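Read through the structure below, which is laid out as structure tokens, and then see the notes.
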Amino acid sequence: MRVRNLPLSSAYTEHFVENGIRELYPPQAAAVDAGVCEGSNVVAAIPTASGKTFIAQLALLTADGPGLYVCPLRALAREKYEAFASLPDLEVGISTGDFDASGEALAGNDIIVATSEKIDSAIRNGASWVDELACVVVDEVHLLDADRRGPTLEVTVATLRRQNPDIQVVALSATVDNPDAIAAWLDATLIQSTWRPVDLRTGVAVGGSIDFDDGTTREIPLDGPARKGGNGGDGDGSDDGGSDLDDTDVTAALVANTVAEGGQCLAFVRSRAEAVSLAQRLAADGLAEQMGIEAAAAAAGDEAAAVDGTVTGHQLADCLRSGVAFHHAGLRSGHRTVVESAFRDRDVACICATPTLAAGVNVPARRVVVRDQKRYTGSAMEWLPTLEVHQMCGRAGRPGLDPHGEAVLVGESDSRDELVERYVDGEPEAVESTLSDPASLRTHVLSAIATGFAETESEILDVFEGTFYAREAGAGGLADAVGDTVDDLVAAGMVRRETAGGVGDYRIVATPVGETTSRQYVRPETGERVVDGLRTAAVMPNATTLTAFELICDTPDMQDTYLGNEERAEMYRFARANSGALTTGMRETDDFEGWLESVKTARILDEWIEGATVEELVEAYRIGPGDLDSRVERAEWLLSAAQALADTIGVSVPSVPRARSRL
DNA sequence: AGTCACTTATTTTAGACAGCATGTC
DNA sequence: CTAAAATAAGTGACT
């Protein structure tokens, strides 16, 4: 199927042809056959980089009215926004928490790109443009099963369809086990394919040999680092070849081999610290020289060093100068940008990364090495979900640049079979709804009431009727849970039951606090905690900015900050010394550890507005520079929510605006 | 006393969405 | 029901 034959205006077909898109990829053609251009609902469960964006564009450009593109990450939203904005004669808007580029209103745009939370928020705040949409594209729908965020996505999609029954829905998913269930939910035609523009083969490496899924085997030269010069005693010939090399040695050999063949590599590891240490180890291998990119690598290093003076920044700069990099959420966005763009420009041989890179912006490499397949989950070490490993592997192979992509899982001889079974031959997990999680229900039930969509339990159930959960489990499955949830919300002061005339006849309405909580987009538990804190703070003789910070940090909407053993005693002293400025007494909390972590976060933020530098805070509190940035960003949001709540309950806590203005 | 090789105990562990109102030459 | 790696601290032989 050719682009020229598509029902698009010539301006668009020309644009696509100019960009080298003439012939449709098979999955794209299948989408056209399924009617994406005629307003049909379509679910495409296809690999990354097999042309999803184009399918989205077809739907949006042929839709009979404004379109919406929903995606899970801000960085992704930016990427798509730019892709759409480059199309001729098109008004494109973007709306994410950190970025708005659409003039005063989103109404009037042909295409709007936004995160799912932002759409949810727009609906709660009664944005009118939402009702005029003719088409919505949901990217990465498999995120439906993510905690917290999945329910938001499904409720948002359900609400959009309820408000707007004729809306065309196009959903793009990674390969999952039950795409048919998603398609059934959306009344859509399912397009399923494993086709990729670049071949991908996946294998398991044990020692220096890789067994691929296509039956081929490769030997990788292990110019192994000097083996420990001990006697022959320790390496008593346990397993097959080269068994005294550990996973990191194998990983290094795989990276070196990729570079020797002129490719780039992504290496996935378990933790931030290991991403850094792997990068530092690879930095000693002279990869920059081998690729002949010394000058560009040095420039990238300087760029990274210019971001800040933190230890992390220096480490990254040093690695970059040697042609390698690391990437994880503790990096500031400036660091990440340098790493990502240097890699795309081929000025970096290898990125050692945590899963940030698996689902984030597009950074394809010839080879992907997954060194660690297990991760600590809070109680034990668990295998990574197959879906996640597949997403990492899917980054292998740059269309048009690499002959094929290679994904290699590093294992031991005794784990080989398990790795093959689980990740090479294994099917990805099925997507399951998490809407029944009580915390999510509280949020969305409150929202349904506050927006006026529902006034009774049964109307709440109606709102949820269009969700993936209801489709899979039946809406009745939520009936009891919804009743309990309303009781919870009544107890929290978010809603109340109002008797209306007849006996047992009542309607549920949001209290002013509940309304503000929903509009400010904080969780009900946060709203409740903040209201309590504000009332306490209002009568405190010496409330300070620390008070304001403690109030917002001791909520589930603020991420907690790891409190090391070493620090704990000191933090305890700090809390005691400042107990007069804290809204919670030391003995009042039933989660002392959690509260102490909040105090740590509050303390960091308080020092931040007192003028402490990133370098000092990162050093003193052992957090990544990116962690500080994200906490500051959240604090801004939560303080503004706190201010709004203070206004609705008519309480004045001057330290809140004071803290806010100094962030 | 100081150094070094080695053993044992302790510590730590991925990621990332949201509000709101303006003013940059 | 399940972990693993890095680092800190401790131990002991030897100079």
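Going through the structure tokens in order, the chains are called A, B, and so on, while each chain numbers its residues from 1 and the ligands are numbered from 1 in the order shown.
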
Members of range 472-590 of chain A assigned alpha helix (DSSP H) by DSSP, as a compact mmCIF listing (two decimals) with all heavy atoms, in the first residue's frame:
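Produced file result01.txt, reproduced below:
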```txt
# COMPACT_ATOMS: atom_id res chain seq x y z
N GLU A 472 -13.87 -6.47 31.94
CA GLU A 472 -13.24 -7.75 32.27
C GLU A 472 -13.93 -8.45 33.44
O GLU A 472 -14.08 -9.65 33.45
CB GLU A 472 -11.76 -7.54 32.60
CG GLU A 472 -10.93 -7.10 31.43
CD GLU A 472 -10.85 -8.16 30.34
OE1 GLU A 472 -10.14 -9.16 30.56
OE2 GLU A 472 -11.49 -7.99 29.28
N ALA A 473 -14.29 -7.65 34.45
CA ALA A 473 -14.80 -8.27 35.68
C ALA A 473 -16.29 -8.04 35.87
O ALA A 473 -16.90 -8.61 36.76
CB ALA A 473 -14.04 -7.71 36.89
N ALA A 479 -19.49 -2.94 42.87
CA ALA A 479 -20.61 -2.38 43.63
C ALA A 479 -20.30 -2.23 45.12
O ALA A 479 -20.45 -1.15 45.69
CB ALA A 479 -21.85 -3.24 43.42
N ASP A 480 -19.84 -3.32 45.74
CA ASP A 480 -19.54 -3.24 47.17
C ASP A 480 -18.40 -2.26 47.43
O ASP A 480 -18.46 -1.45 48.36
CB ASP A 480 -19.13 -4.62 47.70
CG ASP A 480 -20.32 -5.55 47.74
OD1 ASP A 480 -21.47 -5.05 47.65
OD2 ASP A 480 -20.11 -6.78 47.87
N ALA A 481 -17.39 -2.36 46.59
CA ALA A 481 -16.22 -1.52 46.79
C ALA A 481 -16.57 -0.04 46.69
O ALA A 481 -16.07 0.78 47.46
CB ALA A 481 -15.14 -1.87 45.78
N VAL A 482 -17.48 0.29 45.78
CA VAL A 482 -17.85 1.69 45.63
C VAL A 482 -18.56 2.19 46.89
O VAL A 482 -18.30 3.29 47.37
CB VAL A 482 -18.73 1.90 44.37
CG1 VAL A 482 -19.43 3.25 44.41
CG2 VAL A 482 -17.87 1.79 43.12
N GLY A 483 -19.44 1.36 47.43
CA GLY A 483 -20.12 1.75 48.67
C GLY A 483 -19.11 2.03 49.78
O GLY A 483 -19.18 3.07 50.45
N ASP A 484 -18.15 1.12 49.94
CA ASP A 484 -17.12 1.32 50.97
C ASP A 484 -16.33 2.59 50.71
O ASP A 484 -15.97 3.33 51.63
CB ASP A 484 -16.15 0.13 50.97
CG ASP A 484 -16.84 -1.15 51.43
OD1 ASP A 484 -17.95 -1.05 51.98
OD2 ASP A 484 -16.24 -2.23 51.25
N THR A 485 -16.04 2.81 49.43
CA THR A 485 -15.24 3.97 49.08
C THR A 485 -15.96 5.26 49.44
O THR A 485 -15.36 6.19 49.98
CB THR A 485 -14.94 3.95 47.56
OG1 THR A 485 -14.31 2.71 47.23
CG2 THR A 485 -14.01 5.09 47.18
N VAL A 486 -17.26 5.29 49.16
CA VAL A 486 -18.02 6.49 49.52
C VAL A 486 -17.97 6.70 51.04
O VAL A 486 -17.76 7.82 51.51
CB VAL A 486 -19.47 6.39 49.02
CG1 VAL A 486 -20.29 7.57 49.54
CG2 VAL A 486 -19.51 6.36 47.50
N ASP A 487 -18.11 5.61 51.79
CA ASP A 487 -18.01 5.73 53.25
C ASP A 487 -16.66 6.33 53.66
O ASP A 487 -16.58 7.21 54.51
CB ASP A 487 -18.18 4.36 53.91
CG ASP A 487 -19.61 3.84 53.77
OD1 ASP A 487 -20.51 4.66 53.47
OD2 ASP A 487 -19.81 2.62 53.94
N ASP A 488 -15.60 5.83 53.03
CA ASP A 488 -14.26 6.36 53.31
C ASP A 488 -14.20 7.85 53.05
O ASP A 488 -13.65 8.63 53.83
CB ASP A 488 -13.20 5.69 52.41
CG ASP A 488 -12.94 4.24 52.81
OD1 ASP A 488 -13.43 3.83 53.87
OD2 ASP A 488 -12.24 3.55 52.04
N LEU A 489 -14.76 8.24 51.91
CA LEU A 489 -14.68 9.65 51.52
C LEU A 489 -15.52 10.53 52.45
O LEU A 489 -15.15 11.66 52.74
CB LEU A 489 -15.14 9.82 50.06
CG LEU A 489 -14.18 9.24 49.02
CD1 LEU A 489 -14.81 9.28 47.63
CD2 LEU A 489 -12.86 10.00 49.00
N VAL A 490 -16.64 9.97 52.93
CA VAL A 490 -17.44 10.71 53.90
C VAL A 490 -16.62 10.92 55.17
O VAL A 490 -16.52 12.02 55.71
CB VAL A 490 -18.75 9.96 54.22
CG1 VAL A 490 -19.46 10.62 55.41
CG2 VAL A 490 -19.67 9.96 53.00
N ALA A 491 -15.97 9.83 55.60
CA ALA A 491 -15.17 9.92 56.83
C ALA A 491 -14.02 10.90 56.66
O ALA A 491 -13.59 11.55 57.62
CB ALA A 491 -14.64 8.52 57.19
N PRO A 512 -16.78 21.30 49.95
CA PRO A 512 -15.83 22.24 49.32
C PRO A 512 -14.40 21.68 49.32
O PRO A 512 -13.68 21.82 48.34
CB PRO A 512 -15.94 23.48 50.20
CG PRO A 512 -17.33 23.41 50.76
CD PRO A 512 -17.63 21.95 50.95
N VAL A 513 -14.02 21.04 50.44
CA VAL A 513 -12.67 20.47 50.50
C VAL A 513 -12.51 19.37 49.46
O VAL A 513 -11.50 19.30 48.76
CB VAL A 513 -12.38 19.91 51.92
CG1 VAL A 513 -11.14 19.03 51.90
CG2 VAL A 513 -12.23 21.04 52.91
N GLY A 514 -13.54 18.56 49.31
CA GLY A 514 -13.48 17.50 48.32
C GLY A 514 -13.36 18.05 46.91
O GLY A 514 -12.62 17.53 46.08
N GLU A 515 -14.07 19.12 46.68
CA GLU A 515 -14.02 19.73 45.36
C GLU A 515 -12.63 20.28 45.06
O GLU A 515 -12.07 20.06 43.98
CB GLU A 515 -15.04 20.86 45.30
CG GLU A 515 -15.97 20.76 44.12
CD GLU A 515 -17.15 21.68 44.30
OE1 GLU A 515 -16.99 22.89 44.05
OE2 GLU A 515 -18.22 21.19 44.73
N THR A 516 -12.08 20.99 46.01
CA THR A 516 -10.74 21.54 45.81
C THR A 516 -9.72 20.41 45.65
O THR A 516 -8.85 20.47 44.78
CB THR A 516 -10.33 22.42 47.01
OG1 THR A 516 -11.34 23.40 47.20
CG2 THR A 516 -9.01 23.11 46.76
N THR A 517 -9.84 19.41 46.47
CA THR A 517 -8.92 18.28 46.39
C THR A 517 -8.92 17.68 44.99
O THR A 517 -7.88 17.43 44.40
CB THR A 517 -9.32 17.20 47.41
OG1 THR A 517 -9.24 17.76 48.72
CG2 THR A 517 -8.42 15.99 47.32
N SER A 518 -10.12 17.49 44.45
CA SER A 518 -10.22 16.90 43.14
C SER A 518 -9.68 17.84 42.06
O SER A 518 -8.96 17.42 41.16
CB SER A 518 -11.68 16.54 42.86
OG SER A 518 -11.81 15.96 41.58
N ARG A 519 -10.00 19.11 42.17
CA ARG A 519 -9.55 20.06 41.15
C ARG A 519 -8.04 20.25 41.20
O ARG A 519 -7.40 20.43 40.17
CB ARG A 519 -10.26 21.40 41.33
CG ARG A 519 -11.23 21.71 40.22
CD ARG A 519 -11.82 23.10 40.29
NE ARG A 519 -12.42 23.40 41.58
CZ ARG A 519 -11.88 24.22 42.48
NH1 ARG A 519 -10.75 24.83 42.22
NH2 ARG A 519 -12.48 24.42 43.63
N PRO A 524 -7.23 12.04 47.68
CA PRO A 524 -8.07 12.35 48.84
C PRO A 524 -7.28 12.28 50.15
O PRO A 524 -7.46 13.13 51.03
CB PRO A 524 -9.14 11.26 48.79
CG PRO A 524 -9.19 10.82 47.38
CD PRO A 524 -7.82 11.02 46.82
N GLU A 525 -6.40 11.29 50.25
CA GLU A 525 -5.62 11.16 51.49
C GLU A 525 -4.73 12.38 51.69
O GLU A 525 -4.51 12.84 52.80
CB GLU A 525 -4.75 9.90 51.46
CG GLU A 525 -5.48 8.60 51.17
CD GLU A 525 -5.64 8.33 49.68
OE1 GLU A 525 -6.62 8.78 49.07
OE2 GLU A 525 -4.75 7.68 49.10
N THR A 526 -4.20 12.88 50.58
CA THR A 526 -3.39 14.08 50.67
C THR A 526 -4.23 15.27 51.12
O THR A 526 -3.84 16.03 52.00
CB THR A 526 -2.74 14.39 49.31
OG1 THR A 526 -1.88 13.32 48.95
CG2 THR A 526 -1.93 15.67 49.37
N GLY A 527 -5.39 15.41 50.49
CA GLY A 527 -6.26 16.52 50.85
C GLY A 527 -6.60 16.49 52.33
O GLY A 527 -6.51 17.51 53.02
N GLU A 528 -6.91 15.32 52.83
CA GLU A 528 -7.28 15.18 54.23
C GLU A 528 -6.11 15.55 55.15
O GLU A 528 -6.24 16.31 56.10
CB GLU A 528 -7.72 13.74 54.50
CG GLU A 528 -8.35 13.55 55.86
CD GLU A 528 -8.70 12.09 56.13
OE1 GLU A 528 -8.31 11.21 55.32
OE2 GLU A 528 -9.36 11.83 57.15
N ARG A 529 -4.95 15.01 54.81
CA ARG A 529 -3.77 15.27 55.63
C ARG A 529 -3.40 16.76 55.63
O ARG A 529 -3.05 17.33 56.65
CB ARG A 529 -2.59 14.43 55.09
CG ARG A 529 -1.22 14.82 55.61
CD ARG A 529 -1.06 14.46 57.08
NE ARG A 529 0.23 14.87 57.62
CZ ARG A 529 0.45 16.02 58.25
NH1 ARG A 529 -0.54 16.89 58.39
NH2 ARG A 529 1.65 16.30 58.73
N VAL A 530 -3.50 17.37 54.46
CA VAL A 530 -3.15 18.79 54.36
C VAL A 530 -4.12 19.65 55.15
O VAL A 530 -3.73 20.57 55.87
CB VAL A 530 -3.07 19.22 52.87
CG1 VAL A 530 -2.96 20.74 52.75
CG2 VAL A 530 -1.87 18.56 52.19
N VAL A 531 -5.40 19.33 55.05
CA VAL A 531 -6.40 20.09 55.80
C VAL A 531 -6.12 20.00 57.31
O VAL A 531 -6.09 21.00 58.02
CB VAL A 531 -7.83 19.60 55.48
CG1 VAL A 531 -8.83 20.12 56.49
CG2 VAL A 531 -8.21 20.06 54.07
N ASP A 532 -5.87 18.78 57.78
CA ASP A 532 -5.52 18.59 59.19
C ASP A 532 -4.32 19.44 59.56
O ASP A 532 -4.30 20.14 60.57
CB ASP A 532 -5.13 17.12 59.43
CG ASP A 532 -6.35 16.28 59.74
OD1 ASP A 532 -7.44 16.84 59.77
OD2 ASP A 532 -6.16 15.06 59.96
N GLY A 533 -3.28 19.33 58.73
CA GLY A 533 -2.04 20.04 58.99
C GLY A 533 -2.23 21.54 59.01
O GLY A 533 -1.67 22.24 59.86
N LEU A 534 -3.04 22.03 58.07
CA LEU A 534 -3.28 23.47 58.01
C LEU A 534 -3.96 23.96 59.28
O LEU A 534 -3.62 25.01 59.83
CB LEU A 534 -4.15 23.81 56.79
CG LEU A 534 -3.47 23.74 55.42
CD1 LEU A 534 -4.51 23.80 54.31
CD2 LEU A 534 -2.47 24.88 55.28
N ARG A 535 -4.96 23.18 59.75
CA ARG A 535 -5.67 23.59 60.97
C ARG A 535 -4.72 23.63 62.15
O ARG A 535 -4.79 24.51 62.99
CB ARG A 535 -6.81 22.61 61.25
CG ARG A 535 -7.90 22.69 60.17
CD ARG A 535 -9.29 22.50 60.78
NE ARG A 535 -10.30 23.04 59.88
CZ ARG A 535 -11.03 22.31 59.03
NH1 ARG A 535 -10.86 20.99 59.00
NH2 ARG A 535 -11.91 22.89 58.24
N THR A 536 -3.84 22.64 62.22
CA THR A 536 -2.86 22.62 63.30
C THR A 536 -1.91 23.81 63.17
O THR A 536 -1.65 24.53 64.14
CB THR A 536 -2.02 21.33 63.26
OG1 THR A 536 -2.91 20.22 63.20
CG2 THR A 536 -1.12 21.20 64.47
N ALA A 537 -1.41 24.01 61.95
CA ALA A 537 -0.42 25.06 61.74
C ALA A 537 -1.00 26.45 62.02
O ALA A 537 -0.30 27.33 62.50
CB ALA A 537 0.11 24.99 60.31
N ALA A 538 -2.30 26.60 61.72
CA ALA A 538 -2.91 27.92 61.88
C ALA A 538 -2.87 28.42 63.32
O ALA A 538 -2.81 29.62 63.57
CB ALA A 538 -4.36 27.88 61.38
N THR A 545 8.58 27.92 57.53
CA THR A 545 8.51 27.27 56.22
C THR A 545 8.70 25.77 56.38
O THR A 545 8.16 24.99 55.61
CB THR A 545 9.58 27.82 55.27
OG1 THR A 545 10.85 27.84 55.93
CG2 THR A 545 9.22 29.23 54.82
N LEU A 546 9.46 25.35 57.38
CA LEU A 546 9.62 23.92 57.62
C LEU A 546 8.26 23.28 57.91
O LEU A 546 7.98 22.16 57.49
CB LEU A 546 10.59 23.68 58.80
CG LEU A 546 10.88 22.22 59.13
CD1 LEU A 546 11.69 21.57 58.01
CD2 LEU A 546 11.62 22.08 60.46
N THR A 547 7.42 24.03 58.62
CA THR A 547 6.06 23.55 58.91
C THR A 547 5.32 23.28 57.60
O THR A 547 4.69 22.23 57.42
CB THR A 547 5.28 24.61 59.70
OG1 THR A 547 6.11 25.11 60.75
CG2 THR A 547 4.00 24.04 60.26
N ALA A 548 5.40 24.24 56.71
CA ALA A 548 4.70 24.10 55.43
C ALA A 548 5.23 22.89 54.67
O ALA A 548 4.45 22.12 54.10
CB ALA A 548 4.88 25.37 54.60
N PHE A 549 6.54 22.73 54.70
CA PHE A 549 7.10 21.60 53.96
C PHE A 549 6.75 20.26 54.59
O PHE A 549 6.44 19.29 53.91
CB PHE A 549 8.63 21.74 53.83
CG PHE A 549 9.04 22.79 52.84
CD1 PHE A 549 9.96 23.77 53.19
CD2 PHE A 549 8.51 22.80 51.56
CE1 PHE A 549 10.34 24.74 52.27
CE2 PHE A 549 8.88 23.77 50.64
CZ PHE A 549 9.81 24.75 51.00
N GLU A 550 6.77 20.21 55.91
CA GLU A 550 6.44 18.95 56.56
C GLU A 550 5.01 18.54 56.22
O GLU A 550 4.71 17.37 55.97
CB GLU A 550 6.60 19.07 58.08
CG GLU A 550 6.32 17.78 58.82
CD GLU A 550 5.15 17.86 59.78
OE1 GLU A 550 4.57 18.95 59.92
OE2 GLU A 550 4.82 16.84 60.40
N LEU A 551 4.17 19.55 56.19
CA LEU A 551 2.75 19.32 55.90
C LEU A 551 2.53 18.69 54.52
O LEU A 551 1.73 17.79 54.36
CB LEU A 551 2.12 20.71 55.98
CG LEU A 551 0.68 20.98 56.14
CD1 LEU A 551 0.57 22.25 56.98
CD2 LEU A 551 0.07 21.21 54.81
N ILE A 552 3.26 19.15 53.55
CA ILE A 552 3.05 18.58 52.21
C ILE A 552 3.90 17.33 51.96
O ILE A 552 3.56 16.52 51.11
CB ILE A 552 3.34 19.61 51.09
CG1 ILE A 552 4.76 20.13 51.19
CG2 ILE A 552 2.33 20.73 51.13
CD1 ILE A 552 5.28 20.68 49.89
N CYS A 553 4.97 17.19 52.73
CA CYS A 553 5.84 16.03 52.49
C CYS A 553 5.29 14.76 53.12
O CYS A 553 5.59 13.66 52.70
CB CYS A 553 7.25 16.29 53.01
SG CYS A 553 8.14 17.48 52.01
N ASN A 565 20.46 4.33 57.62
CA ASN A 565 20.67 4.00 59.03
C ASN A 565 21.50 5.07 59.73
O ASN A 565 21.20 5.47 60.85
CB ASN A 565 21.41 2.68 59.14
CG ASN A 565 20.43 1.54 59.30
OD1 ASN A 565 19.24 1.77 59.52
ND2 ASN A 565 20.92 0.32 59.19
N GLU A 566 22.53 5.45 59.05
CA GLU A 566 23.47 6.43 59.59
C GLU A 566 22.76 7.73 59.95
O GLU A 566 22.99 8.31 60.99
CB GLU A 566 24.53 6.69 58.53
CG GLU A 566 25.82 7.22 59.07
CD GLU A 566 26.75 6.07 59.41
OE1 GLU A 566 26.28 4.95 59.71
OE2 GLU A 566 27.96 6.30 59.39
N GLU A 567 21.86 8.13 59.03
CA GLU A 567 21.21 9.43 59.19
C GLU A 567 20.10 9.42 60.23
O GLU A 567 19.71 10.47 60.73
CB GLU A 567 20.55 9.86 57.88
CG GLU A 567 21.46 10.15 56.73
CD GLU A 567 20.62 10.28 55.47
OE1 GLU A 567 20.10 9.26 54.98
OE2 GLU A 567 20.47 11.40 55.00
N ARG A 568 19.57 8.26 60.48
CA ARG A 568 18.33 8.19 61.24
C ARG A 568 18.42 8.89 62.60
O ARG A 568 17.56 9.70 62.96
CB ARG A 568 17.91 6.74 61.44
CG ARG A 568 16.59 6.60 62.17
CD ARG A 568 16.01 5.22 62.08
NE ARG A 568 15.54 4.90 60.74
CZ ARG A 568 16.08 3.99 59.96
NH1 ARG A 568 17.12 3.31 60.37
NH2 ARG A 568 15.59 3.76 58.77
N ALA A 569 19.50 8.61 63.32
CA ALA A 569 19.65 9.19 64.65
C ALA A 569 19.71 10.71 64.56
O ALA A 569 19.07 11.43 65.34
CB ALA A 569 20.90 8.64 65.31
N GLU A 570 20.44 11.17 63.56
CA GLU A 570 20.59 12.61 63.39
C GLU A 570 19.25 13.25 63.04
O GLU A 570 18.89 14.31 63.54
CB GLU A 570 21.62 12.86 62.28
CG GLU A 570 22.47 14.09 62.49
CD GLU A 570 21.69 15.36 62.19
OE1 GLU A 570 21.15 15.49 61.08
OE2 GLU A 570 21.61 16.22 63.09
N MET A 571 18.50 12.57 62.18
CA MET A 571 17.21 13.09 61.76
C MET A 571 16.25 13.12 62.95
O MET A 571 15.44 14.03 63.08
CB MET A 571 16.65 12.21 60.64
CG MET A 571 15.60 12.88 59.78
SD MET A 571 16.16 14.44 59.03
CE MET A 571 17.47 13.83 57.98
N TYR A 572 16.38 12.14 63.80
CA TYR A 572 15.55 12.09 65.01
C TYR A 572 15.83 13.31 65.89
O TYR A 572 14.91 13.99 66.37
CB TYR A 572 15.87 10.80 65.78
CG TYR A 572 15.03 10.61 67.00
CD1 TYR A 572 13.76 10.03 66.92
CD2 TYR A 572 15.50 10.99 68.26
CE1 TYR A 572 12.99 9.85 68.06
CE2 TYR A 572 14.73 10.82 69.40
CZ TYR A 572 13.48 10.25 69.29
OH TYR A 572 12.72 10.08 70.41
N ARG A 573 17.11 13.61 66.06
CA ARG A 573 17.48 14.80 66.85
C ARG A 573 16.91 16.06 66.21
O ARG A 573 16.38 16.94 66.88
CB ARG A 573 19.01 14.92 66.93
CG ARG A 573 19.61 14.09 68.05
CD ARG A 573 21.02 14.52 68.34
NE ARG A 573 21.93 14.30 67.22
CZ ARG A 573 22.50 13.12 66.93
NH1 ARG A 573 22.25 12.09 67.71
NH2 ARG A 573 23.30 12.99 65.90
N PHE A 574 17.02 16.12 64.89
CA PHE A 574 16.51 17.30 64.17
C PHE A 574 15.01 17.45 64.41
O PHE A 574 14.52 18.54 64.70
CB PHE A 574 16.80 17.15 62.67
CG PHE A 574 16.23 18.26 61.83
CD1 PHE A 574 16.93 19.45 61.66
CD2 PHE A 574 14.99 18.12 61.20
CE1 PHE A 574 16.41 20.47 60.88
CE2 PHE A 574 14.46 19.15 60.43
CZ PHE A 574 15.17 20.32 60.26
N ALA A 575 14.29 16.33 64.30
CA ALA A 575 12.84 16.39 64.48
C ALA A 575 12.50 16.85 65.89
O ALA A 575 11.59 17.64 66.11
CB ALA A 575 12.23 15.02 64.19
N ARG A 576 13.28 16.36 66.86
CA ARG A 576 12.99 16.74 68.25
C ARG A 576 13.29 18.21 68.48
O ARG A 576 12.51 18.93 69.08
CB ARG A 576 13.78 15.87 69.22
CG ARG A 576 13.30 16.08 70.64
CD ARG A 576 13.41 14.84 71.45
NE ARG A 576 14.80 14.43 71.52
CZ ARG A 576 15.23 13.37 72.19
NH1 ARG A 576 14.37 12.61 72.83
NH2 ARG A 576 16.49 13.06 72.20
N ALA A 577 14.42 18.63 67.93
CA ALA A 577 14.80 20.03 68.12
C ALA A 577 13.81 20.98 67.47
O ALA A 577 13.61 22.10 67.92
CB ALA A 577 16.21 20.26 67.55
```

Who sits within 12 Å of DT2 in chain C, only C-alpha atoms (C1' of nucleotides), same chain under 2 positions skipped, as a PyMOL selection string: chain A and resi 374+376-377+379-383

Could those selected residues go to a file with C-alpha atoms, as a PDB file, in the first residue's frame?
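Ended up saving to part.pdb:
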```
ATOM      1  CA  LYS A 374      16.087  -9.535  38.604  1.00  0.00           C
ATOM      2  CA  TYR A 376      14.674  -5.921  44.382  1.00  0.00           C
ATOM      3  CA  THR A 377      11.017  -5.149  44.926  1.00  0.00           C
ATOM      4  CA  SER A 379      10.684  -7.614  49.972  1.00  0.00           C
ATOM      5  CA  ALA A 380      12.561  -9.906  47.664  1.00  0.00           C
ATOM      6  CA  MET A 381      14.426 -10.206  44.434  1.00  0.00           C
ATOM      7  CA  GLU A 382      12.010 -10.771  41.588  1.00  0.00           C
ATOM      8  CA  TRP A 383      12.290 -11.536  37.926  1.00  0.00           C
TER       9      TRP A 383
END
```

Using only C-alpha atoms (C1' of nucleotides), tabulate the residues of chain C lying at most 9 Å from any atom of chain A, each with its closest atom pair and that distance in Å to one decimal, by chain and increasing residue number, as CSV.
```
residue,atom,partner,partner_atom,distance
C:DT2,C1',A:Ala380,CA,6.2
C:DA3,C1',A:Met381,CA,5.1
C:DA4,C1',A:Met381,CA,8.6
C:DA5,C1',A:Glu274,CA,8.8
```

Neighbour list for range 5-22 of chain B as a list of chain:residue names, cut-off 8 Å, only C-alpha atoms (C1' of nucleotides), skip fewer than 6 positions in-chain: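 Those residues are A:Pro72, A:Leu73, A:Gly97, A:Thr115, A:Glu117, A:Lys118, A:Ser121, A:Arg149, A:Arg270, A:Ser271, A:Ala329, A:Thr354, A:Pro355, A:Thr356, A:Tyr376, A:Gln520, A:Tyr521, A:Val522, A:Asn565, A:Trp637, A:Ser640, A:Ala641, C:DT7, C:DA8, C:DA9, C:DG10, C:DT11.
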
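The residue that comes closest to chain B, out of A:Met494, A:Ala448, A:Ala317, A:Ala114 and on the basis of only C-alpha atoms (C1' of nucleotides), is A:Ala114.
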
DSSP-assigned strand (DSSP E or B) among range 480-559 of chain A, expressed as a list in words: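 Here are the strand (DSSP E or B) residues of range 480-559 of chain A: Val495, Arg496, Arg497, Glu498, Thr499, Tyr506, Arg507, Ile508, Val509 and Ala510 of chain A.
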
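All residues of protein, DNA or RNA that reach within 8 Å of Arg148 in chain A, judged by only C-alpha atoms (C1' of nucleotides) and not counting those fewer than 3 positions away in the chain, are Pro151, Thr152, Thr434 and Ser440 of chain A.
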
Coordinates-based distance that separates CA of Phe592 in chain A from CA of Asp560 in chain A (Å, one decimal):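 These atoms are spaced 13.1 Å apart.
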
Atomic separation - CA of Ala49 in chain A relative to CA of Glu261 in chain A, Å: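 Between these atoms lies a distance of 23.0 Å.
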
Compile the contact shell of Leu144 in chain A as a CSV table (one decimal) with C-alpha atoms, in the first residue's frame: residues with an atom at most 8 Å away, counting only C-alpha atoms (C1' of nucleotides), same-chain residues fewer than 6 positions apart removed.
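In the end it all went to around34.csv:
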```csv
chain,number,residue,atom,x,y,z
A,150,GLY,CA,-3.5,2.6,34.9
A,151,PRO,CA,-6.8,3.4,36.6
A,153,LEU,CA,-6.0,6.0,32.0
A,154,GLU,CA,-8.9,3.7,31.9
A,431,VAL,CA,-2.7,-6.6,31.0
A,432,GLU,CA,-4.9,-6.5,34.0
A,433,SER,CA,-6.9,-3.6,35.5
A,434,THR,CA,-5.9,-2.3,38.9
```

Shell of 12 Å around DT15 in chain C, only C-alpha atoms (C1' of nucleotides), local chain residues under 2 positions omitted, as a VMD selection string: (chain B and resid 1 to 4) or (chain C and resid 13)
